[in-house]
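**Q** Following this line is model.csv, made up of CSV, C-alpha atoms:
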```csv
chain,number,residue,atom,x,y,z
A,1,MET,CA,81.4,43.5,14.0
A,2,HIS,CA,84.2,45.3,12.3
A,3,GLN,CA,84.5,47.7,15.3
A,4,LYS,CA,84.9,44.7,17.6
A,5,SER,CA,87.4,43.0,15.4
A,6,TYR,CA,89.7,45.9,15.1
A,7,SER,CA,89.6,46.9,18.7
A,8,SER,CA,90.5,43.3,19.8
A,9,ARG,CA,93.4,43.4,17.3
A,10,GLY,CA,94.7,46.6,18.8
A,11,MET,CA,97.5,48.6,17.3
A,12,ARG,CA,100.0,45.9,16.8
A,13,LEU,CA,101.6,46.4,13.4
A,14,GLU,CA,105.0,46.8,14.9
A,15,ASN,CA,104.8,43.5,16.7
A,16,ASP,CA,103.6,41.7,13.6
A,17,ILE,CA,106.6,43.1,11.6
A,18,ASN,CA,109.1,42.2,14.3
A,19,ASP,CA,107.7,38.6,14.4
A,20,SER,CA,107.8,38.4,10.7
A,21,ASN,CA,111.4,39.6,10.6
A,22,LYS,CA,112.4,37.1,13.2
A,23,TYR,CA,110.8,34.3,11.2
A,24,TYR,CA,112.5,35.5,8.0
A,25,ARG,CA,115.9,35.7,9.9
A,26,GLU,CA,115.5,32.2,11.3
A,27,LEU,CA,114.8,30.8,7.9
A,28,ASP,CA,117.7,32.8,6.4
A,29,ARG,CA,115.3,34.5,4.0
A,30,ALA,CA,116.3,38.0,4.9
A,31,LEU,CA,118.2,40.0,7.6
A,32,ILE,CA,116.0,42.8,8.6
A,33,TYR,CA,115.6,44.5,12.0
A,34,LYS,CA,113.7,47.3,13.6
A,35,LYS,CA,116.2,50.0,14.7
A,36,PRO,CA,116.1,50.7,18.4
A,37,THR,CA,114.2,53.9,19.4
A,38,PRO,CA,116.9,56.6,19.9
A,39,VAL,CA,117.1,57.8,23.5
A,40,GLN,CA,119.1,60.7,24.8
A,41,VAL,CA,120.7,59.6,28.1
A,42,VAL,CA,121.2,62.4,30.6
A,43,HIS,CA,122.0,60.5,33.8
A,44,VAL,CA,123.2,57.0,34.7
A,45,ASP,CA,123.6,55.4,38.1
A,46,TYR,CA,126.3,52.8,38.6
A,47,PRO,CA,125.2,50.9,41.8
A,48,LYS,CA,127.7,48.4,43.2
A,49,ARG,CA,127.2,44.8,42.1
A,50,GLN,CA,124.3,45.9,39.8
A,51,ARG,CA,124.1,46.8,36.2
A,52,ALA,CA,124.1,50.5,35.2
A,53,LYS,CA,120.7,52.1,35.7
A,54,ILE,CA,119.6,55.0,33.5
A,55,THR,CA,117.7,57.4,35.7
A,56,GLU,CA,117.1,60.3,33.3
A,57,ALA,CA,116.6,60.0,29.6
A,58,TYR,CA,114.4,61.4,26.8
A,59,TYR,CA,113.1,60.0,23.5
A,60,LYS,CA,114.7,61.5,20.5
A,61,THR,CA,113.2,62.0,17.0
A,62,PRO,CA,114.7,59.4,14.7
A,63,SER,CA,116.4,60.8,11.6
A,64,THR,CA,115.7,57.7,9.6
A,65,THR,CA,113.0,55.1,9.1
A,66,ASP,CA,112.3,52.2,11.6
A,67,TYR,CA,113.4,49.2,9.6
A,68,ASN,CA,116.3,48.2,7.4
A,69,GLY,CA,118.4,45.3,6.3
A,70,VAL,CA,119.4,43.1,3.4
A,71,TYR,CA,117.3,40.8,1.2
A,72,ARG,CA,118.4,39.0,-2.0
A,73,GLY,CA,121.5,41.2,-2.1
A,74,LYS,CA,119.6,44.4,-2.0
A,75,TYR,CA,119.4,47.1,0.7
A,76,ILE,CA,115.9,47.2,2.1
A,77,ASP,CA,114.5,50.2,4.0
A,78,PHE,CA,110.9,50.9,5.1
A,79,GLU,CA,108.6,52.7,7.5
A,80,ALA,CA,105.4,51.2,8.9
A,81,LYS,CA,102.2,53.1,9.9
A,82,GLU,CA,98.7,52.0,11.0
A,83,THR,CA,95.6,54.0,11.1
A,84,LYS,CA,92.1,53.4,12.6
A,85,ASN,CA,90.6,55.7,9.9
A,86,LYS,CA,88.1,54.0,7.7
A,87,THR,CA,88.3,56.0,4.5
A,88,SER,CA,91.7,57.6,4.3
A,89,PHE,CA,95.3,57.6,5.6
A,90,PRO,CA,96.2,60.9,7.4
A,91,LEU,CA,99.5,62.4,6.0
A,92,PHE,CA,100.7,63.8,9.3
A,93,MET,CA,101.7,60.3,10.2
A,94,ILE,CA,104.5,60.4,7.7
A,95,HIS,CA,107.3,62.8,8.9
A,96,PRO,CA,109.4,64.9,6.5
A,97,HIS,CA,112.6,63.2,7.7
A,98,GLN,CA,111.2,59.8,6.7
A,99,ILE,CA,110.4,61.1,3.2
A,100,LYS,CA,113.8,62.6,2.9
A,101,HIS,CA,115.5,59.4,4.1
A,102,LEU,CA,113.5,57.2,1.7
A,103,LYS,CA,114.4,59.4,-1.3
A,104,LYS,CA,118.0,59.0,-0.4
A,105,VAL,CA,117.6,55.2,-0.1
A,106,VAL,CA,116.3,55.0,-3.7
A,107,PHE,CA,119.0,57.5,-4.9
A,108,HIS,CA,121.7,55.1,-3.5
A,109,GLY,CA,120.2,52.1,-5.2
A,110,GLY,CA,118.3,50.6,-2.3
A,111,ILE,CA,114.7,49.4,-2.1
A,112,GLY,CA,112.4,51.7,-0.1
A,113,PHE,CA,108.7,51.3,0.7
A,114,PHE,CA,105.9,51.9,3.2
A,115,ILE,CA,103.8,49.3,5.0
A,116,ILE,CA,100.4,50.9,5.7
A,117,ARG,CA,97.8,49.2,7.8
A,118,PHE,CA,94.1,50.1,7.9
A,119,ASN,CA,93.0,48.5,11.2
A,120,TYR,CA,89.3,49.0,10.4
A,121,HIS,CA,89.6,46.9,7.2
A,122,ASN,CA,92.1,44.4,8.7
A,123,GLU,CA,94.2,45.2,5.6
A,124,THR,CA,97.9,46.0,5.3
A,125,TYR,CA,99.4,47.4,2.1
A,126,LEU,CA,103.0,47.6,0.8
A,127,VAL,CA,103.5,50.7,-1.3
A,128,ASP,CA,106.6,51.7,-3.1
A,129,SER,CA,108.2,54.8,-1.5
A,130,LYS,CA,108.5,56.8,-4.7
A,131,LEU,CA,104.9,56.2,-5.6
A,132,LEU,CA,103.6,57.3,-2.2
A,133,ILE,CA,106.0,60.2,-1.8
A,134,ASP,CA,105.0,61.5,-5.3
A,135,LYS,CA,101.3,61.3,-4.2
A,136,ILE,CA,102.0,63.1,-0.9
A,137,GLU,CA,103.9,65.9,-2.7
A,138,ASN,CA,101.1,66.4,-5.3
A,139,ILE,CA,98.0,66.2,-3.2
A,140,ASP,CA,96.2,69.2,-1.8
A,141,LYS,CA,94.5,67.3,1.0
A,142,SER,CA,95.8,66.2,4.4
A,143,SER,CA,95.0,62.5,3.7
A,144,ILE,CA,95.1,59.9,0.9
A,145,PRO,CA,91.9,57.9,0.2
A,146,TYR,CA,91.8,54.2,1.3
A,147,SER,CA,90.9,53.4,-2.3
A,148,TRP,CA,94.3,54.8,-3.5
A,149,PHE,CA,96.1,52.1,-1.5
A,150,GLN,CA,93.7,49.5,-2.9
A,151,SER,CA,94.7,50.4,-6.4
A,152,HIS,CA,98.4,51.4,-5.9
A,153,GLY,CA,99.6,49.1,-3.1
A,154,ILE,CA,100.1,45.4,-2.8
A,155,LEU,CA,97.8,43.7,-0.2
A,156,ILE,CA,100.1,41.8,2.2
A,157,GLN,CA,99.0,38.3,2.9
A,158,GLU,CA,98.6,37.6,6.6
A,159,GLY,CA,98.9,34.3,8.4
A,160,LEU,CA,100.6,32.6,11.3
A,161,CYS,CA,104.1,32.2,10.0
A,162,PRO,CA,105.0,34.8,9.0
A,163,ARG,CA,102.3,37.0,10.5
A,164,LEU,CA,102.9,39.4,7.6
A,165,ALA,CA,104.3,37.8,4.4
A,166,TYR,CA,105.6,41.2,3.2
A,167,LEU,CA,108.6,39.8,1.4
A,168,LYS,CA,106.1,38.2,-1.1
A,169,ALA,CA,105.0,41.7,-1.9
A,170,VAL,CA,108.6,42.8,-2.2
A,171,ASP,CA,109.3,40.0,-4.6
A,172,GLU,CA,106.3,41.0,-6.7
A,173,LEU,CA,107.2,44.6,-6.8
A,174,TYR,CA,111.0,44.6,-7.1
A,175,PHE,CA,112.2,41.1,-8.2
A,176,LYS,CA,109.5,40.1,-10.8
A,177,GLU,CA,112.0,39.8,-13.6
A,178,ASP,CA,114.0,37.2,-11.6
A,179,LYS,CA,111.3,34.6,-11.4
B,1,MET,CA,155.6,60.8,22.7
B,2,HIS,CA,153.3,58.1,21.4
B,3,GLN,CA,151.8,57.8,24.9
B,4,LYS,CA,151.0,61.5,25.0
B,5,SER,CA,149.6,61.5,21.4
B,6,TYR,CA,147.2,58.7,22.0
B,7,SER,CA,146.0,59.9,25.4
B,8,SER,CA,145.2,63.3,23.9
B,9,ARG,CA,143.3,61.5,21.1
B,10,GLY,CA,141.3,59.5,23.6
B,11,MET,CA,138.9,56.8,22.5
B,12,ARG,CA,137.1,58.5,19.8
B,13,LEU,CA,136.6,56.1,16.9
B,14,GLU,CA,132.9,56.3,17.2
B,15,ASN,CA,132.8,60.0,16.8
B,16,ASP,CA,135.2,59.9,13.8
B,17,ILE,CA,132.9,57.4,12.1
B,18,ASN,CA,129.8,59.3,12.9
B,19,ASP,CA,131.4,62.5,11.5
B,20,SER,CA,132.5,60.7,8.4
B,21,ASN,CA,129.1,59.2,7.8
B,22,LYS,CA,127.5,62.7,8.2
B,23,TYR,CA,130.0,64.0,5.6
B,24,TYR,CA,129.3,61.1,3.2
B,25,ARG,CA,125.5,61.7,3.6
B,26,GLU,CA,125.7,65.4,3.0
B,27,LEU,CA,127.7,64.8,-0.2
B,28,ASP,CA,125.3,62.0,-1.2
B,29,ARG,CA,128.1,59.5,-1.3
B,30,ALA,CA,126.5,57.0,1.0
B,31,LEU,CA,123.6,56.6,3.4
B,32,ILE,CA,125.1,55.0,6.5
B,33,TYR,CA,124.1,55.5,10.2
B,34,LYS,CA,125.1,54.2,13.6
B,35,LYS,CA,122.2,52.4,15.1
B,36,PRO,CA,120.9,53.8,18.4
B,37,THR,CA,122.0,51.9,21.5
B,38,PRO,CA,119.1,49.7,22.5
B,39,VAL,CA,117.6,50.6,25.8
B,40,GLN,CA,115.0,48.7,27.8
B,41,VAL,CA,112.6,51.3,29.2
B,42,VAL,CA,111.0,50.3,32.6
B,43,HIS,CA,109.4,53.6,33.7
B,44,VAL,CA,108.4,56.8,32.0
B,45,ASP,CA,107.0,59.9,33.7
B,46,TYR,CA,104.6,62.2,31.7
B,47,PRO,CA,104.8,65.5,33.5
B,48,LYS,CA,102.3,68.2,32.5
B,49,ARG,CA,103.5,70.6,29.8
B,50,GLN,CA,106.8,68.7,29.5
B,51,ARG,CA,108.1,66.0,27.4
B,52,ALA,CA,108.1,62.4,28.6
B,53,LYS,CA,110.9,61.6,30.9
B,54,ILE,CA,112.4,58.1,31.2
B,55,THR,CA,113.2,57.6,34.9
B,56,GLU,CA,114.2,53.9,34.8
B,57,ALA,CA,115.9,52.1,31.9
B,58,TYR,CA,118.8,49.7,31.2
B,59,TYR,CA,121.2,49.2,28.4
B,60,LYS,CA,120.5,46.1,26.3
B,61,THR,CA,123.0,44.0,24.4
B,62,PRO,CA,122.6,44.7,20.7
B,63,SER,CA,121.8,41.7,18.5
B,64,THR,CA,123.5,43.3,15.5
B,65,THR,CA,126.5,45.4,14.6
B,66,ASP,CA,126.6,49.2,15.2
B,67,TYR,CA,126.6,50.5,11.6
B,68,ASN,CA,124.6,49.8,8.5
B,69,GLY,CA,123.3,51.5,5.3
B,70,VAL,CA,123.6,51.6,1.6
B,71,TYR,CA,126.5,52.5,-0.7
B,72,ARG,CA,126.7,52.2,-4.5
B,73,GLY,CA,123.6,50.0,-4.4
B,74,LYS,CA,125.0,47.5,-1.9
B,75,TYR,CA,124.0,46.8,1.7
B,76,ILE,CA,126.9,47.8,4.0
B,77,ASP,CA,127.3,46.5,7.6
B,78,PHE,CA,130.2,46.9,10.0
B,79,GLU,CA,131.4,46.9,13.5
B,80,ALA,CA,134.1,49.2,14.9
B,81,LYS,CA,136.5,48.6,17.7
B,82,GLU,CA,139.5,50.4,19.1
B,83,THR,CA,142.2,49.2,21.4
B,84,LYS,CA,145.1,50.8,23.3
B,85,ASN,CA,147.1,47.6,23.0
B,86,LYS,CA,150.4,48.1,21.2
B,87,THR,CA,151.1,44.6,19.8
B,88,SER,CA,147.7,42.9,19.4
B,89,PHE,CA,144.0,43.1,19.2
B,90,PRO,CA,142.1,41.3,22.0
B,91,LEU,CA,139.4,39.0,20.7
B,92,PHE,CA,137.1,39.5,23.7
B,93,MET,CA,136.2,42.8,22.1
B,94,ILE,CA,134.3,41.1,19.3
B,95,HIS,CA,131.1,39.4,20.5
B,96,PRO,CA,129.7,36.2,19.2
B,97,HIS,CA,126.4,37.9,18.1
B,98,GLN,CA,128.4,40.3,15.9
B,99,ILE,CA,130.2,37.4,14.2
B,100,LYS,CA,126.9,35.6,13.6
B,101,HIS,CA,125.3,38.8,12.3
B,102,LEU,CA,128.2,39.6,9.9
B,103,LYS,CA,128.2,36.0,8.5
B,104,LYS,CA,124.5,36.5,7.7
B,105,VAL,CA,125.2,39.8,6.1
B,106,VAL,CA,127.6,38.1,3.6
B,107,PHE,CA,125.2,35.2,3.1
B,108,HIS,CA,122.5,37.6,2.0
B,109,GLY,CA,124.8,39.4,-0.4
B,110,GLY,CA,125.7,42.4,1.7
B,111,ILE,CA,129.2,43.8,2.3
B,112,GLY,CA,130.4,43.2,5.9
B,113,PHE,CA,133.7,44.4,7.5
B,114,PHE,CA,135.3,45.5,10.7
B,115,ILE,CA,137.0,48.9,11.4
B,116,ILE,CA,139.8,48.3,13.9
B,117,ARG,CA,141.8,51.2,15.4
B,118,PHE,CA,145.1,50.8,17.2
B,119,ASN,CA,145.2,54.0,19.3
B,120,TYR,CA,148.9,53.5,20.2
B,121,HIS,CA,149.9,53.5,16.5
B,122,ASN,CA,147.3,56.1,15.4
B,123,GLU,CA,146.2,53.7,12.7
B,124,THR,CA,142.8,52.4,11.7
B,125,TYR,CA,142.3,49.4,9.5
B,126,LEU,CA,139.4,48.1,7.5
B,127,VAL,CA,139.3,44.3,7.4
B,128,ASP,CA,136.8,42.1,5.5
B,129,SER,CA,134.5,40.4,7.9
B,130,LYS,CA,135.0,36.9,6.4
B,131,LEU,CA,138.8,37.3,6.6
B,132,LEU,CA,138.8,38.4,10.3
B,133,ILE,CA,136.1,35.8,11.3
B,134,ASP,CA,138.1,33.0,9.7
B,135,LYS,CA,141.2,34.2,11.6
B,136,ILE,CA,139.2,34.4,14.9
B,137,GLU,CA,137.8,30.9,14.4
B,138,ASN,CA,141.2,29.3,13.6
B,139,ILE,CA,143.5,30.9,16.2
B,140,ASP,CA,144.4,29.4,19.5
B,141,LYS,CA,145.3,32.7,21.2
B,142,SER,CA,143.0,35.3,22.7
B,143,SER,CA,144.3,38.1,20.5
B,144,ILE,CA,145.5,38.7,16.9
B,145,PRO,CA,148.9,40.4,16.3
B,146,TYR,CA,149.0,44.0,15.1
B,147,SER,CA,151.1,42.8,12.2
B,148,TRP,CA,148.2,40.6,11.0
B,149,PHE,CA,146.1,43.8,10.5
B,150,GLN,CA,149.1,45.5,8.7
B,151,SER,CA,149.2,42.7,6.2
B,152,HIS,CA,145.5,41.8,5.9
B,153,GLY,CA,143.7,45.0,6.5
B,154,ILE,CA,143.5,48.3,4.5
B,155,LEU,CA,144.9,51.3,6.3
B,156,ILE,CA,142.2,53.9,6.3
B,157,GLN,CA,143.3,57.4,5.3
B,158,GLU,CA,142.6,60.0,8.0
B,159,GLY,CA,142.1,63.7,7.5
B,160,LEU,CA,139.7,66.5,8.2
B,161,CYS,CA,136.8,65.9,5.7
B,162,PRO,CA,136.0,63.1,6.1
B,163,ARG,CA,137.9,62.3,9.3
B,164,LEU,CA,138.1,58.7,8.3
B,165,ALA,CA,137.9,58.1,4.5
B,166,TYR,CA,136.8,54.5,5.0
B,167,LEU,CA,134.8,54.4,1.8
B,168,LYS,CA,138.0,54.6,-0.2
B,169,ALA,CA,139.0,51.3,1.5
B,170,VAL,CA,135.5,49.9,0.7
B,171,ASP,CA,136.0,50.9,-3.0
B,172,GLU,CA,139.4,49.2,-3.1
B,173,LEU,CA,138.2,46.0,-1.4
B,174,TYR,CA,134.7,45.5,-2.9
B,175,PHE,CA,134.4,47.7,-6.1
B,176,LYS,CA,137.8,47.3,-7.7
B,177,GLU,CA,136.4,45.9,-10.9
B,178,ASP,CA,134.2,48.9,-11.4
B,179,LYS,CA,137.0,51.5,-11.7
```
Would you mind writing the file's structure down as structure tokens?

**A**
Amino acid sequence: MHQKSYSSRGMRLENDINDSNKYYRELDRALIYKKPTPVQVVHVDYPKRQRAKITEAYYKTPSTTDYNGVYRGKYIDFEAKETKNKTSFPLFMIHPHQIKHLKKVVFHGGIGFFIIRFNYHNETYLVDSKLLIDKIENIDKSSIPYSWFQSHGILIQEGLCPRLAYLKAVDELYFKEDK
Amino acid sequence: MHQKSYSSRGMRLENDINDSNKYYRELDRALIYKKPTPVQVVHVDYPKRQRAKITEAYYKTPSTTDYNGVYRGKYIDFEAKETKNKTSFPLFMIHPHQIKHLKKVVFHGGIGFFIIRFNYHNETYLVDSKLLIDKIENIDKSSIPYSWFQSHGILIQEGLCPRLAYLKAVDELYFKEDK
């Protein structure tokens, strides 16, 4: 049954986060966007009476993470990844430039984290960037066990509005003293 | 002579800001990037043994400003515009979605501003977003006089490294009490 449930869900973490960000923006809870995918444009046609048409372009490797913005006066920055793996999260999914970027976010006083979804378990975790990066840099294996996320991450509550209530996890992790 | 000097300079504010951001990142002064231009991809070819080639795509209107990041623990967000006009800055250059976005930045506790360059005068000003937006919303004309920027903006110091020392203006405007 699990198998069916995750295949019908598909790989849709990005859509869930975009929907949640839209919800948070409309309620003025936070101002967080996904950055556009960088594209290197090589050729553009300018047909008469029509808008410019890009006819040759290539995807570029982003130098940062996918999401950033502002929440409760703080700079927020995160990367989101989902895996179909049942027992572990493969480390090749996190790129060196993302690690480097999130270290700098924290250095400059921002809040950095990862959102990691295990599609098989229908579970999505928020993990502090320093915590996960320390783990990545001190592990000999090419993956981190699912159980590590259960004990070190915060399980994000899922629902309809927002799809992914990840700011609740942010409150719990970074704003606890304010409550 | 002015004519010659500004035509040889060209319209290169974006490059100057990108260079300055790179300089600030390398010195760990700030972590600020230009967001990629959003592109709607319609068709992609996947040739064998070659990287994916986008063969049909269109530019999309961004819903936010061009630049954001983190500096001294604060969320930073700004839009940059340059004009060849000698006596005034035309308001059509600032789009409604940029005004709406910068209002939200300030609402959420971020720092929002505009960088406005007058190519004719070889001068670039940093203006607080609330100040300029108030002016835009309370003016009957379609432009704001150059003299308004001289009295309400901070003249950004230009040089080699960084090309545009705009963080000095940010310090002066938003971090004065910390000095």

**Q** Quick one: of B:Met93, B:Leu13, B:Val70, B:Val42, who's nearest to chain A, counting all atoms listed in the file?

**A** B:Val70

**Q** Using all atoms listed in the file, which of the listed residues (A:Glu26, A:Asp16, A:Asp128, A:Asp171) sits closest to chain B?

**A**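 Checking each of A:Glu26, A:Asp16, A:Asp128, A:Asp171 against chain B, counting all atoms listed in the file, the winner is A:Glu26.
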
**Q** Near chain B, which residues of chain A fall within 6 Å when you count all atoms listed in the file, and what do they look like as a list in words?

**A**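 So the contacting residues turn out to be Pro36, Pro38, Lys53, Ile54, Thr55, Glu56, Ala57, Tyr58, Arg72, Gly73, Tyr75, His108, Gly109 and Gly110 of chain A.
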
**Q** Where does chain B end up after superposition onto chain A over all in-order Cα pairs? Give it as a tab-separated table (two decimals) with C-alpha atoms, keeping the file's coordinate frame.

**A**
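The file below, part_27.tsv, is the result:
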```tsv
chain	number	residue	atom	x	y	z
B	1	MET	CA	81.45	43.67	14.13
B	2	HIS	CA	84.31	45.44	12.41
B	3	GLN	CA	84.59	47.76	15.44
B	4	LYS	CA	84.94	44.82	17.80
B	5	SER	CA	87.44	43.00	15.49
B	6	TYR	CA	89.78	45.90	15.21
B	7	SER	CA	89.66	46.88	18.88
B	8	SER	CA	90.57	43.32	19.84
B	9	ARG	CA	93.46	43.49	17.33
B	10	GLY	CA	94.71	46.72	18.82
B	11	MET	CA	97.59	48.61	17.29
B	12	ARG	CA	100.01	45.91	16.73
B	13	LEU	CA	101.67	46.38	13.35
B	14	GLU	CA	105.03	46.76	14.91
B	15	ASN	CA	104.88	43.47	16.65
B	16	ASP	CA	103.63	41.67	13.50
B	17	ILE	CA	106.60	43.06	11.58
B	18	ASN	CA	109.06	42.24	14.25
B	19	ASP	CA	107.70	38.65	14.40
B	20	SER	CA	107.87	38.34	10.66
B	21	ASN	CA	111.41	39.61	10.50
B	22	LYS	CA	112.43	37.09	13.25
B	23	TYR	CA	110.81	34.33	11.13
B	24	TYR	CA	112.55	35.51	7.93
B	25	ARG	CA	115.92	35.62	9.81
B	26	GLU	CA	115.57	32.19	11.31
B	27	LEU	CA	114.80	30.74	7.86
B	28	ASP	CA	117.67	32.77	6.35
B	29	ARG	CA	115.32	34.51	3.98
B	30	ALA	CA	116.31	38.01	4.92
B	31	LEU	CA	118.28	39.95	7.50
B	32	ILE	CA	116.01	42.81	8.52
B	33	TYR	CA	115.68	44.52	11.97
B	34	LYS	CA	113.74	47.35	13.55
B	35	LYS	CA	116.15	49.97	14.68
B	36	PRO	CA	116.14	50.74	18.42
B	37	THR	CA	114.28	53.89	19.40
B	38	PRO	CA	116.89	56.57	19.93
B	39	VAL	CA	117.11	57.77	23.46
B	40	GLN	CA	119.08	60.71	24.81
B	41	VAL	CA	120.62	59.56	28.10
B	42	VAL	CA	121.09	62.42	30.70
B	43	HIS	CA	121.90	60.44	33.88
B	44	VAL	CA	123.08	56.95	34.65
B	45	ASP	CA	123.53	55.44	38.11
B	46	TYR	CA	126.21	52.69	38.61
B	47	PRO	CA	125.10	50.91	41.74
B	48	LYS	CA	127.51	48.37	43.26
B	49	ARG	CA	127.03	44.78	42.10
B	50	GLN	CA	124.22	45.85	39.74
B	51	ARG	CA	123.97	46.82	36.22
B	52	ALA	CA	123.93	50.47	35.18
B	53	LYS	CA	120.62	52.10	35.60
B	54	ILE	CA	119.46	55.02	33.42
B	55	THR	CA	117.54	57.37	35.74
B	56	GLU	CA	117.01	60.29	33.31
B	57	ALA	CA	116.55	60.03	29.53
B	58	TYR	CA	114.30	61.34	26.73
B	59	TYR	CA	113.02	59.98	23.51
B	60	LYS	CA	114.68	61.49	20.43
B	61	THR	CA	113.17	61.94	17.00
B	62	PRO	CA	114.69	59.38	14.66
B	63	SER	CA	116.47	60.76	11.59
B	64	THR	CA	115.71	57.62	9.59
B	65	THR	CA	112.98	55.07	9.06
B	66	ASP	CA	112.31	52.23	11.56
B	67	TYR	CA	113.37	49.18	9.50
B	68	ASN	CA	116.34	48.28	7.39
B	69	GLY	CA	118.44	45.26	6.28
B	70	VAL	CA	119.37	43.12	3.38
B	71	TYR	CA	117.32	40.82	1.15
B	72	ARG	CA	118.42	38.98	-2.01
B	73	GLY	CA	121.52	41.18	-2.11
B	74	LYS	CA	119.63	44.48	-2.01
B	75	TYR	CA	119.45	47.13	0.71
B	76	ILE	CA	115.86	47.25	2.07
B	77	ASP	CA	114.43	50.26	4.00
B	78	PHE	CA	110.87	50.93	5.12
B	79	GLU	CA	108.59	52.72	7.42
B	80	ALA	CA	105.37	51.29	8.86
B	81	LYS	CA	102.25	53.07	9.90
B	82	GLU	CA	98.79	52.02	10.98
B	83	THR	CA	95.62	53.99	11.21
B	84	LYS	CA	92.11	53.40	12.59
B	85	ASN	CA	90.65	55.69	9.95
B	86	LYS	CA	88.10	53.95	7.75
B	87	THR	CA	88.25	56.03	4.53
B	88	SER	CA	91.74	57.57	4.42
B	89	PHE	CA	95.26	57.68	5.59
B	90	PRO	CA	96.30	60.90	7.39
B	91	LEU	CA	99.49	62.39	6.02
B	92	PHE	CA	100.61	63.84	9.36
B	93	MET	CA	101.66	60.32	10.23
B	94	ILE	CA	104.53	60.40	7.77
B	95	HIS	CA	107.31	62.80	8.81
B	96	PRO	CA	109.37	64.90	6.53
B	97	HIS	CA	112.66	63.23	7.69
B	98	GLN	CA	111.27	59.83	6.65
B	99	ILE	CA	110.44	61.12	3.16
B	100	LYS	CA	113.91	62.64	2.81
B	101	HIS	CA	115.52	59.43	4.08
B	102	LEU	CA	113.51	57.16	1.71
B	103	LYS	CA	114.33	59.39	-1.33
B	104	LYS	CA	118.02	58.92	-0.46
B	105	VAL	CA	117.56	55.23	-0.12
B	106	VAL	CA	116.31	55.03	-3.76
B	107	PHE	CA	119.01	57.42	-4.94
B	108	HIS	CA	121.67	55.10	-3.59
B	109	GLY	CA	120.13	52.06	-5.21
B	110	GLY	CA	118.29	50.61	-2.25
B	111	ILE	CA	114.67	49.41	-2.18
B	112	GLY	CA	112.41	51.75	-0.13
B	113	PHE	CA	108.66	51.29	0.67
B	114	PHE	CA	106.00	51.95	3.21
B	115	ILE	CA	103.83	49.33	5.05
B	116	ILE	CA	100.44	50.90	5.73
B	117	ARG	CA	97.77	49.10	7.81
B	118	PHE	CA	94.12	50.07	7.89
B	119	ASN	CA	93.02	48.55	11.22
B	120	TYR	CA	89.30	49.07	10.43
B	121	HIS	CA	89.58	46.95	7.25
B	122	ASN	CA	92.12	44.45	8.67
B	123	GLU	CA	94.29	45.09	5.64
B	124	THR	CA	97.94	45.98	5.28
B	125	TYR	CA	99.43	47.33	2.11
B	126	LEU	CA	102.95	47.62	0.82
B	127	VAL	CA	103.45	50.73	-1.30
B	128	ASP	CA	106.64	51.79	-3.14
B	129	SER	CA	108.18	54.75	-1.47
B	130	LYS	CA	108.56	56.79	-4.70
B	131	LEU	CA	104.88	56.17	-5.57
B	132	LEU	CA	103.55	57.28	-2.12
B	133	ILE	CA	106.01	60.26	-1.88
B	134	ASP	CA	104.94	61.51	-5.30
B	135	LYS	CA	101.29	61.23	-4.21
B	136	ILE	CA	102.06	63.07	-0.90
B	137	GLU	CA	103.88	65.85	-2.73
B	138	ASN	CA	101.12	66.40	-5.34
B	139	ILE	CA	97.94	66.25	-3.22
B	140	ASP	CA	96.15	69.20	-1.79
B	141	LYS	CA	94.42	67.29	1.02
B	142	SER	CA	95.82	66.18	4.35
B	143	SER	CA	95.05	62.52	3.76
B	144	ILE	CA	95.05	59.93	0.92
B	145	PRO	CA	91.89	57.84	0.27
B	146	TYR	CA	91.83	54.18	1.28
B	147	SER	CA	90.94	53.38	-2.30
B	148	TRP	CA	94.28	54.85	-3.48
B	149	PHE	CA	96.09	52.14	-1.42
B	150	GLN	CA	93.70	49.43	-2.87
B	151	SER	CA	94.71	50.39	-6.36
B	152	HIS	CA	98.38	51.35	-5.86
B	153	GLY	CA	99.55	49.21	-3.06
B	154	ILE	CA	100.07	45.39	-2.73
B	155	LEU	CA	97.86	43.73	-0.17
B	156	ILE	CA	100.14	41.85	2.14
B	157	GLN	CA	99.08	38.28	2.92
B	158	GLU	CA	98.59	37.66	6.65
B	159	GLY	CA	98.86	34.36	8.45
B	160	LEU	CA	100.60	32.66	11.31
B	161	CYS	CA	104.20	32.10	10.01
B	162	PRO	CA	105.10	34.73	9.05
B	163	ARG	CA	102.34	36.94	10.45
B	164	LEU	CA	102.84	39.37	7.65
B	165	ALA	CA	104.35	37.82	4.46
B	166	TYR	CA	105.57	41.20	3.24
B	167	LEU	CA	108.52	39.75	1.38
B	168	LYS	CA	106.15	38.16	-1.10
B	169	ALA	CA	104.98	41.73	-1.92
B	170	VAL	CA	108.67	42.82	-2.15
B	171	ASP	CA	109.32	39.91	-4.62
B	172	GLU	CA	106.34	40.92	-6.75
B	173	LEU	CA	107.22	44.64	-6.79
B	174	TYR	CA	111.05	44.60	-7.07
B	175	PHE	CA	112.17	41.05	-8.23
B	176	LYS	CA	109.55	40.16	-10.80
B	177	GLU	CA	112.06	39.72	-13.57
B	178	ASP	CA	113.99	37.18	-11.59
B	179	LYS	CA	111.20	34.57	-11.33
```

**Q** Would you list the contacts of region 153-167 of chain A as a count of residues only, taking every protein, DNA or RNA residue within 8 Å and counting all atoms listed in the file, but skipping same-chain residues closer than 3 positions in sequence?

**A** 17

**Q** Give the answer as one residue: which of B:Ala169, B:Tyr120, B:Leu91, B:Tyr67 has the shortest atom-to-atom distance to Lys141 (chain B), using all atoms listed in the file?

**A**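 That would be B:Leu91, the residue with the smallest distance to Lys141 (chain B).
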
**Q** Grab the CA of Phe118 (chain A) to CA of Arg12 (chain A) distance for me, in Å with one decimal place.

**A**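 Distance reported for this atom pair: 11.5 Å.
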